[in-house]
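Okay, so here's the structure we're looking at.
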Amino acid sequence: MYLANFLNPNFKPKMCFRVLADGFPPFLPKEVNKIKDPFAIKLAKRIERLPVQVNFSENCIMSSCVRPSMQGTANPVVLLHGFDSSCLEWRYSYPLLEEAGLECWAIDILGWGFSDLERLPFCDAASKREHLYQLWGSYIKRPMILVGPSLGAAIAIDFAVNHPEAVSKLVLIDASVYAAGTGNKAKLPKAVAYAGNALLRLYVNKLAFNGISFSTSLDWMNAGRLHCFFPWWADATVDFMKSGGYDVIPLIKQVTQKTLIIWGEDDQIISNKLAVRLHCELQNATLRQISECGHIPHVEKPNAVVNLIVRFAQTGCC
């Protein structure tokens, strides 16, 4: 097999050996080598793909995630991410959660992250829910503490209401749950939707973080957009946008799980007034706000977020 590879004029051994020597999974885009953040590099090296069979595709979806380095008896913590992001969003918080002794998964939501979507499946809300449920049933198999930041909070609420047996507690971080789907974007022509998605990424990146340097912002952007170098990324995201997205407003009052709400006080994307509204509408919730922090607390203030999650996971209060 190796001799045949070397006789093939299209074979590029340097690229293959460089990726393996760097310790990155070979399926990650080569742009991973531009990332300087040691925490992002370390977590990227732990990303793997697991086969997940879903009912809307004949083929297994090789689904990306970071699996726990330990398995305990307590309910595992499962980390989702926000809109058009990946498990690398948890690069600062994930090692702290493991240091605290928690069994921790970081899962890429169908359509984003580093899963193999060459045979592009449906990426609407129902498909994302089904994919997460099948991954949970195949590998996690126990009630989980489901953590959802930003749009991931809508995904977590949708999942918890539809599959309550799979979720013991919820953690919602700067939750984007009061937008009724993707609105007019669902009716946009496909070409306009592609362009709008690129503009949205630039705009959100500017607003998301609170007072960071340009060099830090640039490196965070490189980590945040790494999955965008896959050829199916734009199709998957536009498919989600045109499907109508998530509308979980009617589901909020149906959540029965104990819930921790975490919010950055200086969030410029989603007002913390909505944190108060969410706290009032959930049946059993605690609200904790983090000062001098923007929309992504688990990136900006990982120690504060991890302390809250650990106490909530271990005692149910914080």
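Note on naming: chains are A, B, ... as they come in the structure tokens, residues start from 1 per chain, ligands start from 1 in the order shown.
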Restrict the calculation to only C-alpha atoms, then for each residue of region 232-300 of chain A with any atom at most 9 Å from an atom of region 310-318 of chain A give the closest atom pair and their distance in Å to one decimal, rows by chain and rising residue number, as a Markdown table.
| residue | atom | partner | partner_atom | distance |
| --- | --- | --- | --- | --- |
| A:Lys258 | CA | A:Gly316 | CA | 7.9 |
| A:Thr259 | CA | A:Phe312 | CA | 8.9 |
| A:Leu260 | CA | A:Phe312 | CA | 7.3 |
| A:Thr286 | CA | A:Cys317 | CA | 7.8 |
| A:Arg288 | CA | A:Cys318 | CA | 8.4 |
Just write the chosen residues, N, CA and C atoms, as a PDB file, in the first residue's frame.
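Output contents, as saved in out_16.pdb:
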ATOM      1  N   LYS A 258     -33.724  21.237  36.347  1.00  0.00           N
ATOM      2  CA  LYS A 258     -33.091  22.333  37.067  1.00  0.00           C
ATOM      3  C   LYS A 258     -32.079  23.008  36.151  1.00  0.00           C
ATOM      4  N   THR A 259     -32.084  24.340  36.146  1.00  0.00           N
ATOM      5  CA  THR A 259     -31.304  25.071  35.147  1.00  0.00           C
ATOM      6  C   THR A 259     -30.471  26.165  35.801  1.00  0.00           C
ATOM      7  N   LEU A 260     -29.226  26.255  35.352  1.00  0.00           N
ATOM      8  CA  LEU A 260     -28.344  27.369  35.720  1.00  0.00           C
ATOM      9  C   LEU A 260     -28.209  28.289  34.516  1.00  0.00           C
ATOM     10  N   THR A 286     -31.676  29.189  38.322  1.00  0.00           N
ATOM     11  CA  THR A 286     -30.828  30.110  39.068  1.00  0.00           C
ATOM     12  C   THR A 286     -30.073  30.971  38.062  1.00  0.00           C
ATOM     13  N   ARG A 288     -26.913  33.628  37.379  1.00  0.00           N
ATOM     14  CA  ARG A 288     -25.654  34.206  37.833  1.00  0.00           C
ATOM     15  C   ARG A 288     -25.043  35.027  36.704  1.00  0.00           C
TER      16      ARG A 288
END
Problem set entry | Sel. of alpha helix (DSSP H) residues, region 28-198 of chain A, as an MDAnalysis selection string | chainID A and resid 38:44 93:99 125:135 151:162 190:198
Exercise. Arg67 (chain A): which residues within 8 Å, counting only C-alpha atoms, same-chain residues fewer than 6 positions away excluded, as number ranges by chain?
Worked result: A: 46-48, 104-106
Go ahead and dump the residues you just picked, N, CA, C and O atoms, as a PDB file, in the first residue's frame.
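Below you can see part_32.pdb, which holds the result:
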ATOM      1  N   ARG A  46      -7.142  16.690  20.421  1.00  0.00           N
ATOM      2  CA  ARG A  46      -7.982  15.656  21.027  1.00  0.00           C
ATOM      3  C   ARG A  46      -9.273  15.403  20.256  1.00  0.00           C
ATOM      4  O   ARG A  46     -10.046  14.503  20.617  1.00  0.00           O
ATOM      5  N   ILE A  47      -9.536  16.181  19.215  1.00  0.00           N
ATOM      6  CA  ILE A  47     -10.768  15.997  18.457  1.00  0.00           C
ATOM      7  C   ILE A  47     -10.724  14.674  17.697  1.00  0.00           C
ATOM      8  O   ILE A  47      -9.724  14.313  17.092  1.00  0.00           O
ATOM      9  N   GLU A  48     -11.813  13.943  17.758  1.00  0.00           N
ATOM     10  CA  GLU A  48     -11.930  12.703  17.001  1.00  0.00           C
ATOM     11  C   GLU A  48     -13.310  12.621  16.359  1.00  0.00           C
ATOM     12  O   GLU A  48     -14.204  13.405  16.666  1.00  0.00           O
ATOM     13  N   CYS A 104     -16.369  14.928  30.928  1.00  0.00           N
ATOM     14  CA  CYS A 104     -16.766  16.051  30.084  1.00  0.00           C
ATOM     15  C   CYS A 104     -16.643  15.709  28.600  1.00  0.00           C
ATOM     16  O   CYS A 104     -15.598  15.234  28.145  1.00  0.00           O
ATOM     17  N   TRP A 105     -17.713  15.942  27.866  1.00  0.00           N
ATOM     18  CA  TRP A 105     -17.737  15.815  26.412  1.00  0.00           C
ATOM     19  C   TRP A 105     -17.882  17.210  25.800  1.00  0.00           C
ATOM     20  O   TRP A 105     -18.610  18.041  26.332  1.00  0.00           O
ATOM     21  N   ALA A 106     -17.222  17.454  24.686  1.00  0.00           N
ATOM     22  CA  ALA A 106     -17.463  18.658  23.878  1.00  0.00           C
ATOM     23  C   ALA A 106     -17.870  18.181  22.494  1.00  0.00           C
ATOM     24  O   ALA A 106     -17.088  17.523  21.801  1.00  0.00           O
TER      25      ALA A 106
END
Problem set entry | Exercise: Val248 (chain A) partners within 12 Å, only C-alpha atoms, chain neighbours under 6 positions left out, as JSON, numbers by chain | {"A": [125, 151, 152, 153, 154, 155, 156, 157, 158, 159, 160, 161, 162, 175, 176, 177, 178, 179, 180, 181, 182, 254, 255, 278]}
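For the atom pair formed by CA of Ala236 (chain A) and CA of Gly111 (chain A), the distance is 5.1 Å, given to one decimal.
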Exercise. Excluding same-chain residues fewer than 5 positions from Cys123 (chain A), what lies within 9 Å of it counting only C-alpha atoms, as a PyMOL selection string?
Worked result: chain A and resi 110-111+128+236-237+239-240+243
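Here CA of Leu226 (chain A) and CA of Gly82 (chain A) stand 14.3 Å from one another.
Minimum atom-to-atom distances from A:Lys30, A:His295, A:His279, A:Lys301 to Pro149 (chain A) were compared using only C-alpha atoms, and the lowest value belongs to A:His295.
All residues within region 2-163 of chain A that the backbone DSSP calculation assigns to strand (DSSP E) are Glu48, Arg49, Leu50, Pro51, Val52, Ile61, Met62, Ser63, Ser64, Cys65, Val66, Val77, Val78, Leu79, Cys104, Trp105, Ala106, Ile107, Met144, Ile145, Leu146, Val147, Gly148 and Pro149 of chain A.
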For this session: May I have the residues within 12 Å of Ile309 (chain A) as a PyMOL selection string, using only C-alpha atoms and disregarding those fewer than 4 positions away in the same chain?
Result: chain A and resi 76-79+93-94+96-98+100-102+104+145-148+169-173+259-262+286+288+298+302-305+313-318
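Distances here use only C-alpha atoms; by that measure, the residue among A:Ala74, A:Ile107, A:Met221, A:Cys60 closest to Cys87 (chain A) is A:Ile107.
Using only C-alpha atoms, the nearest neighbour of Pro38 (chain A) within the list A:Tyr92, A:Phe56, A:Trp233, A:Tyr133 is A:Tyr92.
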